[in-house]
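> What follows is final09.txt, compact mmCIF, C-alpha atoms and all ligand atoms.
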```txt
# COMPACT_ATOMS: atom_id res chain seq x y z
CA MET A 1 13.30 -51.26 36.84
CA VAL A 2 15.60 -49.32 34.59
CA ALA A 3 16.49 -45.90 35.95
CA LEU A 4 15.51 -43.10 33.63
CA PRO A 5 18.31 -40.72 32.79
CA SER A 6 17.79 -37.39 34.43
CA LEU A 7 16.31 -34.94 31.99
CA PRO A 8 17.00 -31.25 32.17
CA ILE A 9 13.87 -29.35 33.12
CA PRO A 10 13.46 -26.34 30.89
CA LEU A 11 13.18 -23.10 32.78
CA LEU A 12 9.86 -21.41 32.29
CA ARG A 13 10.61 -18.11 30.71
CA ARG A 14 8.50 -15.04 31.08
CA GLN A 15 7.21 -13.59 27.80
CA LYS A 16 9.40 -10.61 27.04
CA HIS A 17 6.93 -8.39 25.24
CA ASP A 18 4.00 -6.76 26.92
CA PRO A 19 0.92 -7.50 24.84
CA GLN A 20 -1.04 -4.85 26.74
CA ASP A 21 0.52 -1.99 24.84
CA ALA A 22 0.20 -3.55 21.40
CA PRO A 23 -2.53 -2.32 19.05
CA THR A 24 -5.68 -4.36 18.52
CA SER A 25 -7.01 -2.83 15.38
CA LEU A 26 -5.68 -1.67 12.08
CA ALA A 27 -7.13 1.77 12.81
CA ASP A 28 -4.76 1.91 15.83
CA VAL A 29 -1.84 0.94 13.64
CA LEU A 30 -2.63 3.48 10.99
CA ALA A 31 -3.57 6.29 13.37
CA GLY A 32 -0.94 8.98 13.11
CA VAL A 33 0.80 7.20 10.22
CA ALA A 34 1.22 9.48 7.25
CA LEU A 35 0.58 7.24 4.24
CA ARG A 36 2.92 8.32 1.51
CA ARG A 37 1.47 8.91 -1.90
CA ARG A 38 3.73 8.50 -4.88
CA LEU A 39 2.93 11.05 -7.56
CA GLY A 40 4.57 11.26 -10.96
CA GLU A 41 7.49 9.14 -12.15
CA ASN A 42 9.02 6.51 -9.90
CA PRO A 43 12.82 6.72 -10.33
CA ASN A 44 13.52 3.29 -8.73
CA PRO A 45 14.82 0.28 -10.71
CA VAL A 46 12.43 -1.88 -12.73
CA ILE A 47 11.38 -5.05 -10.87
CA VAL A 48 8.95 -6.56 -13.39
CA SER A 49 8.63 -6.04 -17.10
CA CYS A 50 5.97 -7.63 -19.32
CA GLN A 51 6.59 -7.39 -23.05
CA GLY A 52 3.86 -8.46 -25.46
CA VAL A 53 2.64 -11.10 -23.02
CA GLU A 54 0.03 -13.54 -24.31
CA ARG A 55 -1.46 -16.56 -22.61
CA VAL A 56 -3.61 -19.09 -24.43
CA TYR A 57 -5.26 -21.91 -22.47
CA LYS A 58 -6.07 -25.08 -24.39
CA VAL A 59 -9.33 -26.56 -23.19
CA GLY A 60 -10.30 -29.73 -25.04
CA GLY A 61 -10.04 -28.75 -28.69
CA ASP A 62 -10.70 -25.07 -27.93
CA GLU A 63 -8.36 -22.21 -27.19
CA VAL A 64 -9.07 -19.50 -24.63
CA ARG A 65 -7.02 -16.36 -25.27
CA ALA A 66 -6.83 -15.06 -21.71
CA LEU A 67 -4.17 -12.40 -22.37
CA LYS A 68 -3.73 -10.77 -25.76
CA GLY A 69 -0.56 -8.71 -25.54
CA ILE A 70 0.24 -7.07 -22.20
CA ASP A 71 3.02 -4.50 -21.85
CA LEU A 72 3.79 -3.04 -18.44
CA GLU A 73 6.64 -2.08 -16.19
CA LEU A 74 6.69 -2.13 -12.39
CA ARG A 75 9.37 -0.40 -10.34
CA ARG A 76 10.48 -0.91 -6.76
CA GLY A 77 7.98 0.73 -4.44
CA ASP A 78 5.16 0.85 -6.99
CA LEU A 79 1.67 0.13 -5.63
CA VAL A 80 -0.54 -0.70 -8.59
CA GLY A 81 -4.01 -2.08 -9.22
CA LEU A 82 -5.16 -4.54 -11.86
CA MET A 83 -8.82 -3.83 -12.26
CA GLY A 84 -11.33 -5.64 -14.38
CA ARG A 85 -14.40 -7.83 -14.45
CA SER A 86 -14.36 -11.49 -13.62
CA GLY A 87 -12.79 -13.36 -16.54
CA SER A 88 -10.86 -10.34 -17.86
CA GLY A 89 -7.47 -12.00 -17.20
CA LYS A 90 -6.32 -10.54 -13.84
CA THR A 91 -5.42 -13.83 -12.16
CA THR A 92 -3.71 -15.09 -15.31
CA LEU A 93 -1.56 -11.95 -15.39
CA LEU A 94 -0.73 -12.18 -11.66
CA ASN A 95 0.31 -15.82 -12.09
CA LEU A 96 2.66 -14.83 -14.89
CA ILE A 97 4.12 -11.89 -12.97
CA GLY A 98 4.61 -14.26 -10.02
CA GLY A 99 6.40 -16.93 -12.02
CA LEU A 100 3.62 -19.49 -11.34
CA ASP A 101 2.93 -19.78 -15.06
CA ARG A 102 4.73 -19.11 -18.33
CA PRO A 103 3.55 -16.95 -21.22
CA THR A 104 2.50 -18.51 -24.53
CA ALA A 105 4.13 -15.54 -26.29
CA GLY A 106 6.08 -12.49 -25.15
CA LYS A 107 8.31 -12.11 -22.11
CA VAL A 108 7.92 -11.68 -18.37
CA ILE A 109 11.16 -10.43 -16.82
CA ILE A 110 11.47 -10.43 -13.02
CA GLU A 111 14.57 -8.68 -11.67
CA GLY A 112 16.39 -9.33 -14.93
CA GLN A 113 15.39 -13.00 -15.25
CA SER A 114 13.09 -14.07 -18.07
CA VAL A 115 10.54 -16.36 -16.39
CA GLY A 116 9.82 -18.36 -19.55
CA GLU A 117 13.46 -19.39 -19.81
CA LEU A 118 13.96 -20.51 -16.19
CA SER A 119 14.14 -24.18 -15.22
CA ASP A 120 11.38 -25.38 -12.87
CA ALA A 121 13.83 -25.37 -9.97
CA ALA A 122 14.96 -21.82 -10.73
CA ALA A 123 11.34 -20.66 -11.03
CA THR A 124 10.59 -22.21 -7.61
CA GLU A 125 13.60 -20.42 -6.10
CA LEU A 126 12.47 -17.14 -7.62
CA ARG A 127 8.98 -17.54 -6.17
CA ARG A 128 10.27 -18.54 -2.76
CA HIS A 129 12.70 -15.66 -2.34
CA LYS A 130 11.34 -12.77 -4.35
CA ILE A 131 7.57 -13.07 -4.28
CA GLY A 132 4.88 -13.04 -1.59
CA TYR A 133 1.28 -13.98 -2.37
CA CYS A 134 -2.03 -13.03 -0.74
CA PHE A 135 -5.29 -14.61 -1.82
CA GLN A 136 -8.98 -13.83 -1.49
CA SER A 137 -9.50 -16.84 0.77
CA PHE A 138 -6.48 -16.01 3.04
CA ALA A 139 -5.25 -19.64 2.80
CA LEU A 140 -4.22 -19.92 6.47
CA LEU A 141 -3.76 -23.30 8.14
CA PRO A 142 -6.60 -23.66 10.65
CA VAL A 143 -4.64 -25.71 13.21
CA LEU A 144 -1.88 -23.13 13.54
CA SER A 145 -1.96 -19.82 15.41
CA ALA A 146 -1.43 -16.54 13.55
CA LEU A 147 2.18 -16.56 14.75
CA GLU A 148 2.77 -20.15 13.57
CA ASN A 149 1.13 -19.43 10.21
CA VAL A 150 3.53 -16.52 9.65
CA GLU A 151 6.51 -18.59 10.81
CA LEU A 152 5.76 -21.56 8.58
CA PRO A 153 7.31 -20.35 5.28
CA MET A 154 10.43 -19.24 7.18
CA HIS A 155 10.61 -22.70 8.77
CA ILE A 156 10.41 -24.25 5.28
CA ALA A 157 13.11 -21.85 4.07
CA GLY A 158 15.37 -23.14 6.87
CA MET A 159 15.53 -20.01 9.04
CA SER A 160 16.57 -20.52 12.68
CA PRO A 161 13.73 -20.71 15.26
CA ARG A 162 14.90 -17.57 17.03
CA GLU A 163 15.19 -15.54 13.83
CA ARG A 164 11.84 -16.66 12.43
CA ARG A 165 10.08 -15.90 15.69
CA ARG A 166 11.64 -12.43 15.75
CA ARG A 167 10.59 -11.69 12.16
CA ALA A 168 7.05 -13.12 12.66
CA VAL A 169 6.45 -10.95 15.74
CA GLU A 170 7.83 -7.91 13.92
CA LEU A 171 5.46 -8.51 11.00
CA LEU A 172 2.41 -9.21 13.15
CA ASP A 173 3.20 -5.96 14.92
CA LEU A 174 3.40 -4.19 11.56
CA VAL A 175 -0.11 -5.38 10.66
CA GLY A 176 -1.46 -4.59 14.15
CA LEU A 177 -1.97 -8.16 15.37
CA ARG A 178 0.53 -8.47 18.17
CA ARG A 179 -2.20 -8.98 20.73
CA ARG A 180 -3.90 -11.61 18.61
CA MET A 181 -0.85 -13.56 17.53
CA HIS A 182 -1.66 -16.68 19.56
CA HIS A 183 -5.18 -16.90 18.14
CA ARG A 184 -6.08 -19.43 15.49
CA PRO A 185 -7.73 -18.30 12.24
CA PHE A 186 -11.28 -19.20 13.37
CA GLU A 187 -10.80 -16.90 16.37
CA LEU A 188 -9.97 -13.97 14.08
CA SER A 189 -12.21 -11.73 11.97
CA GLY A 190 -11.92 -11.77 8.17
CA GLY A 191 -9.84 -8.59 8.22
CA GLU A 192 -7.54 -10.03 10.90
CA GLN A 193 -7.11 -13.22 8.88
CA GLN A 194 -6.15 -11.21 5.81
CA ARG A 195 -3.69 -9.18 7.92
CA THR A 196 -2.14 -12.47 9.08
CA ALA A 197 -1.88 -13.61 5.45
CA ILE A 198 -0.25 -10.29 4.50
CA ALA A 199 2.30 -10.68 7.32
CA ARG A 200 3.01 -14.21 6.06
CA ALA A 201 3.50 -12.95 2.49
CA LEU A 202 6.20 -10.57 3.77
CA CYS A 203 8.18 -13.03 5.86
CA ASN A 204 10.93 -13.88 3.36
CA ARG A 205 11.50 -10.22 2.48
CA PRO A 206 10.14 -10.47 -1.06
CA SER A 207 10.63 -7.67 -3.54
CA LEU A 208 7.16 -8.22 -4.94
CA ILE A 209 3.78 -8.76 -3.23
CA LEU A 210 0.96 -10.09 -5.40
CA ALA A 211 -2.55 -9.92 -3.97
CA ASP A 212 -5.41 -11.59 -5.85
CA GLU A 213 -8.78 -10.11 -4.80
CA PRO A 214 -7.56 -9.54 -1.23
CA ILE A 215 -10.64 -7.56 -0.15
CA ALA A 216 -13.37 -9.43 -2.01
CA GLU A 217 -14.57 -11.21 1.17
CA LEU A 218 -14.41 -8.15 3.42
CA ASP A 219 -16.87 -5.36 4.18
CA SER A 220 -16.08 -2.00 2.60
CA VAL A 221 -14.62 -0.34 5.73
CA THR A 222 -12.32 -3.29 6.45
CA GLY A 223 -11.46 -3.54 2.75
CA LEU A 224 -10.30 0.07 2.61
CA GLN A 225 -8.23 -0.45 5.77
CA ILE A 226 -6.53 -3.46 4.22
CA LEU A 227 -5.72 -1.39 1.13
CA LYS A 228 -4.26 1.33 3.36
CA LEU A 229 -2.25 -1.33 5.15
CA PHE A 230 -0.70 -2.20 1.77
CA MET A 231 0.30 1.49 1.45
CA HIS A 232 1.87 1.40 4.90
CA ILE A 233 3.74 -1.83 4.02
CA ARG A 234 5.04 -0.36 0.79
CA ASP A 235 6.59 2.45 2.85
CA VAL A 236 8.01 0.28 5.63
CA GLU A 237 9.28 -2.67 3.57
CA ASP A 238 9.95 -0.84 0.29
CA VAL A 239 8.28 -3.55 -1.80
CA THR A 240 6.39 -3.48 -5.08
CA ILE A 241 2.72 -4.38 -4.62
CA VAL A 242 0.22 -5.51 -7.26
CA ILE A 243 -3.42 -5.84 -6.25
CA ALA A 244 -5.97 -7.49 -8.56
CA THR A 245 -9.52 -6.47 -7.76
CA HIS A 246 -12.86 -5.52 -9.25
CA ASP A 247 -13.39 -2.98 -6.44
CA PRO A 248 -13.01 0.69 -7.48
CA THR A 249 -11.76 1.52 -3.94
CA ILE A 250 -8.36 0.54 -5.33
CA HIS A 251 -8.14 4.06 -6.85
CA GLU A 252 -7.79 5.50 -3.34
CA VAL A 253 -4.48 3.76 -2.74
CA ALA A 254 -2.90 2.75 -6.05
CA ASP A 255 -0.30 4.96 -7.74
CA ARG A 256 -1.85 3.75 -10.97
CA THR A 257 -4.44 1.23 -12.04
CA TYR A 258 -4.32 -0.92 -15.14
CA HIS A 259 -7.84 -1.51 -16.43
CA ILE A 260 -7.95 -4.99 -17.95
CA VAL A 261 -10.67 -5.66 -20.50
CA ASP A 262 -10.82 -8.99 -22.28
CA GLY A 263 -7.12 -9.78 -21.92
CA ARG A 264 -5.82 -6.33 -22.81
CA ILE A 265 -4.88 -3.17 -20.91
CA ALA A 266 -7.69 -0.87 -21.98
CA ARG A 267 -6.27 2.14 -20.11
CA VAL A 268 -3.96 3.12 -17.29
CA GLU A 269 -5.31 5.52 -14.72
CA THR A 270 -3.01 7.33 -12.30
CA TYR A 271 -4.04 8.45 -8.83
CA GLU A 272 -4.20 12.04 -10.08
CA ASP A 273 -6.55 11.03 -12.95
CA ALA A 274 -8.83 9.14 -10.56
CA MET A 275 -9.01 12.05 -8.09
CA VAL A 276 -9.81 14.57 -10.84
CA GLN A 277 -12.89 12.52 -11.72
CA VAL A 278 -14.21 12.40 -8.15
P1 LIG A 301 -10.00 -12.92 -13.71
O1 LIG A 301 -8.99 -13.22 -12.67
O2 LIG A 301 -9.95 -11.50 -14.20
O3 LIG A 301 -11.38 -13.28 -13.29
P2 LIG A 301 -8.80 -15.13 -15.19
O4 LIG A 301 -7.40 -14.76 -15.44
O5 LIG A 301 -9.07 -16.08 -14.09
O6 LIG A 301 -9.67 -13.80 -15.01
O7 LIG A 301 -9.41 -15.75 -16.51
C1 LIG A 301 -9.25 -15.17 -17.82
C2 LIG A 301 -9.86 -16.10 -18.85
O8 LIG A 301 -9.08 -17.29 -18.93
C3 LIG A 301 -11.28 -16.54 -18.56
O9 LIG A 301 -11.96 -16.67 -19.77
C4 LIG A 301 -11.08 -17.89 -17.90
O10 LIG A 301 -12.20 -18.72 -18.10
C5 LIG A 301 -9.87 -18.42 -18.63
N1 LIG A 301 -9.04 -19.31 -17.79
C6 LIG A 301 -8.41 -18.98 -16.64
N2 LIG A 301 -7.70 -20.01 -16.15
C7 LIG A 301 -7.90 -21.04 -17.01
C8 LIG A 301 -7.42 -22.39 -17.08
N3 LIG A 301 -6.59 -22.88 -16.15
N4 LIG A 301 -7.83 -23.15 -18.12
C9 LIG A 301 -8.63 -22.65 -19.06
N5 LIG A 301 -9.10 -21.40 -19.08
C10 LIG A 301 -8.74 -20.59 -18.07
MG MG A 302 -9.26 -13.84 -10.70
```
Now, as a test, write the supplied structure out as structure tokens.
Ligand code: ADP
Ligand code: MG


Amino acid sequence: MVALPSLPIPLLRRQKHDPQDAPTSLADVLAGVALRRRLGENPNPVIVSCQGVERVYKVGGDEVRALKGIDLELRRGDLVGLMGRSGSGKTTLLNLIGGLDRPTAGKVIIEGQSVGELSDAAATELRRHKIGYCFQSFALLPVLSALENVELPMHIAGMSPRERRRRAVELLDLVGLRRRMHHRPFELSGGEQQRTAIARALCNRPSLILADEPIAELDSVTGLQILKLFMHIRDVEDVTIVIATHDPTIHEVADRTYHIVDGRIARVETYEDAMVQV
């Protein structure tokens, strides 16, 4: 028999945090938090600028003109809505703002870089470091816990285990899921899954969060709480947030809402405008 080399036995460490005093619900997180409303001009630097943006899809021999000339400017700390019916062009615009796609005409400039002129590698870098995405379907990996799902992009980005664990716990705390962080997605409610996905979108400290129909699968109470969570995140992380939705609840949280009709911005409504109508 060959003697096995003696292996060091890892010491069992006690968990440092006390999950008992962590919040369980978003209402707990938001209780007592004054959600800041931005009124009037935002003096911060421009993060995204769209200039005469068009996008034509070629399908067989046909052309679909999904965007027909979009001009907009987003500044750091803006929280804006893209509102419109299904097929109006919201997802197409989000994909362009996020560097996932390139315009057929016009320019999309993200932090001074024109997306259409970037190499594929540079566009990937831009997406990885500057942009966080949230989707309607949450897109969590079912075999991983909430904590592991949030850690995954930081793992891919090469962050040290200690640092990515610290950041993941901090973010799950921010979204009120500290007590649920070892649960897998199927053990979480829809709202909790979306909160996990929002924490994941924030992990690489992006300057821009893009959320495509993030409340479409949630009931109205949970949906409003998720929108308020975006307000809270804007304040804590100082990011720019764009939310595409067909849900008019967006008016309650957005500084302004771009109404998209048939590939064009039909009008821009500020929070003050929306509240005057109520
Ligand atoms: P929304 O997100 O507001 O529902 P989309 O941006 O998904 O709208 O779609 C805008 C228009 O572009 C629609 O007419 C849609 O059918 C078309 N479209 C979107 N993506 C593609 C694609 N990959 N190929 C062809 N047409 C597309
Ligand atoms: Mg869409």

> Identify, counting all atoms listed in the file, the protein, DNA and RNA residues located within 12 Å of ligand MG 302 (chain A), and give them as number ranges by chain.

A: 66, 82-95, 135-137, 211-214, 216, 243-246, 260

> Tell me, in Å to one decimal, how far atom CA of A:Arg37 is from atom CA of A:Val268.

17.3 Å

> Between A:Asp273, A:Asp62, A:Asp71, A:Glu117, which one has atoms that come closest to A:Cys50, using all atoms listed in the file?

A:Asp71

> My list of candidates is A:Gly116, A:Gly176, A:Gly223, A:Gly158. Which is closest to A:Gly190 when distances are computed with only C-alpha atoms?

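Result for the nearest residue to A:Gly190: A:Gly223.
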
> For A:Glu54, which residue out of A:Arg179, A:Lys107, A:Arg36, A:His155 is the nearest one, using all atoms listed in the file?

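Closest residue, counting all atoms listed in the file: A:Lys107.
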
> Using only C-alpha atoms, can you tell me which of A:Ala274, A:Ile215, A:Val242, A:Leu177 comes closest to A:Leu72?

A:Val242

> Provide an axis-aligned box for all listed atoms of stretch 185-201 of chain A, padding each side by 6 Å; report its centre and its edge lengths in Å to one decimal, as AutoDock Vina command-line options.


```
--center_x -4.4 --center_y -13.9 --center_z 9.4 --size_x 27.7 --size_y 22.6 --size_z 25.9
```

> So that I can check the surroundings of A:Val276, please list as a list of chain:residue names every protein, DNA and RNA residue that reaches within 12 Å of it, counting only C-alpha atoms and ignoring chain neighbours fewer than 5 positions away.

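Neighbouring residues, sequence-local ones excluded: A:His251, A:Glu252, A:Glu269, A:Thr270, A:Tyr271.
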
> For a quick check of your reading of the model, name the residues lying within 6 Å of the coordinate (10.5, -2.9, -3.2), counting only C-alpha atoms, and write them as a list of chain:residue names.

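Every polymer residue passing the test: A:Arg76, A:Gly77, A:Ser207, A:Asp238, A:Val239, A:Thr240.
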
> Please compute the atom CA of A:Lys58-atom O4 of ligand LIG 301 (chain A) distance, one decimal, in Å.

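We find that atom CA of A:Lys58 and atom O4 of ligand LIG 301 (chain A) lie 13.7 Å from each other.
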
> Just to confirm, what's the straight-line distance from atom CA of A:Arg167 to atom CA of A:Glu151 in Å (one decimal)?

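Going from atom CA of A:Arg167 over to atom CA of A:Glu151, I get 8.1 Å.
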
> Within 12 Å of (7.7, -17.6, -1.8), only C-alpha atoms: residues as JSON, numbers by chain?

{"A": [98, 99, 100, 123, 124, 125, 126, 127, 128, 129, 130, 131, 132, 133, 134, 152, 153, 154, 156, 157, 200, 201, 202, 203, 204, 205, 206, 207, 208, 209, 210]}

> Determine the nearest neighbour of ligand LIG 301 (chain A) from the options A:Leu96, A:Leu26, A:Ala199, A:Leu188, counting all atoms listed in the file.

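Smallest distance to ligand LIG 301 (chain A) is found for A:Leu96.
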
> My list of candidates is A:Ile241, A:Leu224, A:Val175, A:Val261. Which is closest to A:Gly81 when distances are computed with only C-alpha atoms?

A:Ile241
